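Visitor: The following block contains the structure, expressed as structure tokens.
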Amino acid sequence: MKIKEAAYVISSPSVEQCPKPDKPEYAFIGRSNVGKSSLINMICGRDALAKISASPGKTKLINHFIVNKEWYLVDLPGYGYAKISQSERKKWEKMIEDYLRKRESLVNIFVLIDSRHMPQKIDIEFVNQLGEWQIPFTLVFTKADKEKPGAVDRHVKAFLDIMRQTWQFLPQSFVTSATKKQGRDEILTFITECNKR
Ligand code: GDP
């Protein structure tokens, strides 16, 4: 898929306020600092697209972008912020759960995992939760250029090995680098294929 056009649409505080669900939708989520904005910009070929959703006031909202007038890319607020109050966390959880479980046009969640680390509990818990809710997702191992390939492979394998203990089928996974544009074609091909269905 060639990206002809990618534009910011709106930031919504709840699933009810999101745009009409009349287009296939792909959401991106991961812990803060995982490289989500960089990945979204890399995929869309725009340097500062995801800056909009990272601007103050919008980091806790559901941010919609429209790509090629054809599908929505959604930037979801990250999890794992250290400095967040209990009540803020509850609000985030409710918004995300509602969005993930009620958004009928949602095709796939890209769950971003930092490829520099061994599996983190918070990421495992999040994918297990998606499994319980039966929400389709794929894994994206980010910042692959920052590690030796052997280390990236080891971290990916360790993550999948943990999943294998409880999951019957493993999700598709991608390895990406925003600086090297690694994984871009694979992710766009995946989206193209899903859009055909
Ligand atoms: P977000 O908080 O998840 O949106 O993360 P950002 O996209 O802002 O990235 C966090 C930091 O990691 C920034 O300093 C980025 O420049 C850096 N970063 C993100 N992706 C990559 C990558 O693929 N390679 C390298 N080398 N650095 C990255």
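Residues in the structure tokens are numbered from 1 in each chain, the chains being A, B, ... in the order shown, and ligands are numbered from 1 in the order shown.
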Using only C-alpha atoms, which protein or nucleic acid residues come within 6 Å of range 2-7 of chain A? Drop anything in the same chain fewer than 6 positions from it, and give the result as a list in words.
Guide: Phe65, Ile66, Val67 and Asn68 of chain A
Visitor: Just C-alpha atoms for this one: save the residues we selected as a JSON list (two decimals), in the first residue's frame.
Guide:
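The new file result-v5.json reads:
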```json
[["chain", "number", "residue", "atom", "x", "y", "z"],
["A", 65, "PHE", "CA", -6.20, 9.69, 11.80],
["A", 66, "ILE", "CA", -7.56, 8.94, 8.36],
["A", 67, "VAL", "CA", -5.31, 7.26, 5.82],
["A", 68, "ASN", "CA", -5.97, 7.35, 2.05]]
```
Visitor: Could you pull the residues within 8 Å of Ile10 in chain A, counting only C-alpha atoms, minus those fewer than 6 positions along the same chain, as a VMD selection string?
Guide: chain A and resid 18 to 19 63 to 65
Visitor: At a cut-off of 8 Å and counting only C-alpha atoms and all ligand atoms, what residues surround ligand 1? Please answer as a list of chain:residue names.
Guide: A:Gly30, A:Arg31, A:Ser32, A:Asn33, A:Val34, A:Gly35, A:Lys36, A:Ser37, A:Ser38, A:Leu39, A:Ala50, A:Ala54, A:Gly78, A:Thr142, A:Lys143, A:Ala144, A:Asp145, A:Lys146, A:Thr176, A:Ser177, A:Ala178, A:Thr179, A:Lys180, A:Lys181
Visitor: Those same residues, written as a PDB file, in the first residue's frame with N, CA and C atoms?
Guide:
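As written to disk, out-v4.pdb reads:
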```pdb
ATOM      1  N   GLY A  30       0.698   0.685  23.567  1.00  0.00           N
ATOM      2  CA  GLY A  30       1.903   0.125  24.180  1.00  0.00           C
ATOM      3  C   GLY A  30       2.260   0.984  25.366  1.00  0.00           C
ATOM      4  N   ARG A  31       3.256   0.562  26.117  1.00  0.00           N
ATOM      5  CA  ARG A  31       3.611   1.372  27.273  1.00  0.00           C
ATOM      6  C   ARG A  31       4.265   2.676  26.817  1.00  0.00           C
ATOM      7  N   SER A  32       4.204   3.663  27.687  1.00  0.00           N
ATOM      8  CA  SER A  32       4.736   4.957  27.300  1.00  0.00           C
ATOM      9  C   SER A  32       6.218   4.831  26.954  1.00  0.00           C
ATOM     10  N   ASN A  33       6.625   5.576  25.935  1.00  0.00           N
ATOM     11  CA  ASN A  33       8.013   5.590  25.490  1.00  0.00           C
ATOM     12  C   ASN A  33       8.431   4.362  24.666  1.00  0.00           C
ATOM     13  N   VAL A  34       7.451   3.533  24.284  1.00  0.00           N
ATOM     14  CA  VAL A  34       7.767   2.315  23.525  1.00  0.00           C
ATOM     15  C   VAL A  34       8.157   2.633  22.073  1.00  0.00           C
ATOM     16  N   GLY A  35       7.833   3.865  21.652  1.00  0.00           N
ATOM     17  CA  GLY A  35       8.145   4.249  20.268  1.00  0.00           C
ATOM     18  C   GLY A  35       6.898   4.324  19.397  1.00  0.00           C
ATOM     19  N   LYS A  36       5.746   4.544  20.020  1.00  0.00           N
ATOM     20  CA  LYS A  36       4.466   4.543  19.292  1.00  0.00           C
ATOM     21  C   LYS A  36       4.361   5.711  18.308  1.00  0.00           C
ATOM     22  N   SER A  37       4.676   6.918  18.777  1.00  0.00           N
ATOM     23  CA  SER A  37       4.587   8.072  17.867  1.00  0.00           C
ATOM     24  C   SER A  37       5.546   7.898  16.697  1.00  0.00           C
ATOM     25  N   SER A  38       6.751   7.455  17.005  1.00  0.00           N
ATOM     26  CA  SER A  38       7.749   7.274  15.937  1.00  0.00           C
ATOM     27  C   SER A  38       7.273   6.245  14.924  1.00  0.00           C
ATOM     28  N   LEU A  39       6.662   5.167  15.405  1.00  0.00           N
ATOM     29  CA  LEU A  39       6.180   4.123  14.506  1.00  0.00           C
ATOM     30  C   LEU A  39       5.031   4.641  13.633  1.00  0.00           C
ATOM     31  N   ALA A  50       1.988  12.063  14.447  1.00  0.00           N
ATOM     32  CA  ALA A  50       1.578  11.619  15.779  1.00  0.00           C
ATOM     33  C   ALA A  50       1.945  12.632  16.867  1.00  0.00           C
ATOM     34  N   ALA A  54       0.313  13.465  20.664  1.00  0.00           N
ATOM     35  CA  ALA A  54       1.225  13.492  21.811  1.00  0.00           C
ATOM     36  C   ALA A  54       1.254  14.876  22.454  1.00  0.00           C
ATOM     37  N   GLY A  78      -0.962   5.426  25.974  1.00  0.00           N
ATOM     38  CA  GLY A  78      -0.106   4.335  26.437  1.00  0.00           C
ATOM     39  C   GLY A  78      -0.385   3.934  27.879  1.00  0.00           C
ATOM     40  N   THR A 142       9.463  -3.005  18.758  1.00  0.00           N
ATOM     41  CA  THR A 142       9.988  -1.722  18.277  1.00  0.00           C
ATOM     42  C   THR A 142      11.482  -1.522  18.587  1.00  0.00           C
ATOM     43  N   LYS A 143      12.036  -0.483  17.971  1.00  0.00           N
ATOM     44  CA  LYS A 143      13.417  -0.018  18.224  1.00  0.00           C
ATOM     45  C   LYS A 143      14.466  -1.094  17.951  1.00  0.00           C
ATOM     46  N   ALA A 144      14.212  -1.922  16.947  1.00  0.00           N
ATOM     47  CA  ALA A 144      15.094  -3.061  16.675  1.00  0.00           C
ATOM     48  C   ALA A 144      16.526  -2.634  16.324  1.00  0.00           C
ATOM     49  N   ASP A 145      16.682  -1.400  15.826  1.00  0.00           N
ATOM     50  CA  ASP A 145      18.040  -0.941  15.467  1.00  0.00           C
ATOM     51  C   ASP A 145      18.908  -0.667  16.685  1.00  0.00           C
ATOM     52  N   LYS A 146      18.271  -0.577  17.853  1.00  0.00           N
ATOM     53  CA  LYS A 146      19.026  -0.227  19.055  1.00  0.00           C
ATOM     54  C   LYS A 146      19.732  -1.419  19.689  1.00  0.00           C
ATOM     55  N   THR A 176      10.225  -3.917  14.157  1.00  0.00           N
ATOM     56  CA  THR A 176      10.305  -2.625  13.472  1.00  0.00           C
ATOM     57  C   THR A 176      11.435  -1.733  13.998  1.00  0.00           C
ATOM     58  N   SER A 177      11.832  -0.821  13.132  1.00  0.00           N
ATOM     59  CA  SER A 177      12.713   0.271  13.541  1.00  0.00           C
ATOM     60  C   SER A 177      12.219   1.522  12.831  1.00  0.00           C
ATOM     61  N   ALA A 178      11.854   2.508  13.615  1.00  0.00           N
ATOM     62  CA  ALA A 178      11.342   3.747  13.020  1.00  0.00           C
ATOM     63  C   ALA A 178      12.459   4.478  12.288  1.00  0.00           C
ATOM     64  N   THR A 179      13.673   4.382  12.817  1.00  0.00           N
ATOM     65  CA  THR A 179      14.773   5.116  12.182  1.00  0.00           C
ATOM     66  C   THR A 179      15.182   4.456  10.856  1.00  0.00           C
ATOM     67  N   LYS A 180      15.053   3.139  10.783  1.00  0.00           N
ATOM     68  CA  LYS A 180      15.464   2.447   9.551  1.00  0.00           C
ATOM     69  C   LYS A 180      14.298   2.063   8.653  1.00  0.00           C
ATOM     70  N   LYS A 181      13.109   2.457   9.043  1.00  0.00           N
ATOM     71  CA  LYS A 181      11.889   2.105   8.292  1.00  0.00           C
ATOM     72  C   LYS A 181      11.705   0.586   8.183  1.00  0.00           C
TER      73      LYS A 181
END
```
Visitor: Take CA of Pro24 in chain A and CA of Arg46 in chain A and report the distance between them in Å, one decimal.
Guide: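 These atoms are spaced 20.8 Å apart.
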Visitor: Can you tell me which residues surround range 118-131 of chain A at a distance of at most 7 Å, considering only C-alpha atoms, apart from same-chain residues fewer than 5 positions away, and format the answer as an mmCIF file with N, CA and C atoms, in the first residue's frame?
Guide:
```cif
data_model
loop_
_atom_site.group_PDB
_atom_site.id
_atom_site.type_symbol
_atom_site.label_atom_id
_atom_site.label_comp_id
_atom_site.auth_asym_id
_atom_site.auth_seq_id
_atom_site.Cartn_x
_atom_site.Cartn_y
_atom_site.Cartn_z
ATOM 1 N N HIS A 155 14.651 -11.674 22.661
ATOM 2 C CA HIS A 155 13.551 -11.035 23.392
ATOM 3 C C HIS A 155 12.198 -11.398 22.776
ATOM 4 N N ALA A 158 11.502 -14.996 23.755
ATOM 5 C CA ALA A 158 11.122 -15.113 25.171
ATOM 6 C C ALA A 158 9.672 -14.684 25.380
ATOM 7 N N PHE A 159 9.275 -13.632 24.670
ATOM 8 C CA PHE A 159 7.883 -13.159 24.797
ATOM 9 C C PHE A 159 6.910 -14.224 24.286
#
```
Visitor: Taking the DSSP assignment computed from this structure's backbone, write out as an MDAnalysis selection string all residues of range 67-129 of chain A that belong to alpha helix (DSSP H).
Guide: chainID A and resid 86:102 121:129
Visitor: Mind listing the strand (DSSP E) residues of range 1-126 of chain A, per DSSP on the backbone, as a PyMOL selection string?
Guide: chain A and resi 6-12+25-30+62-67+71-75+106-114
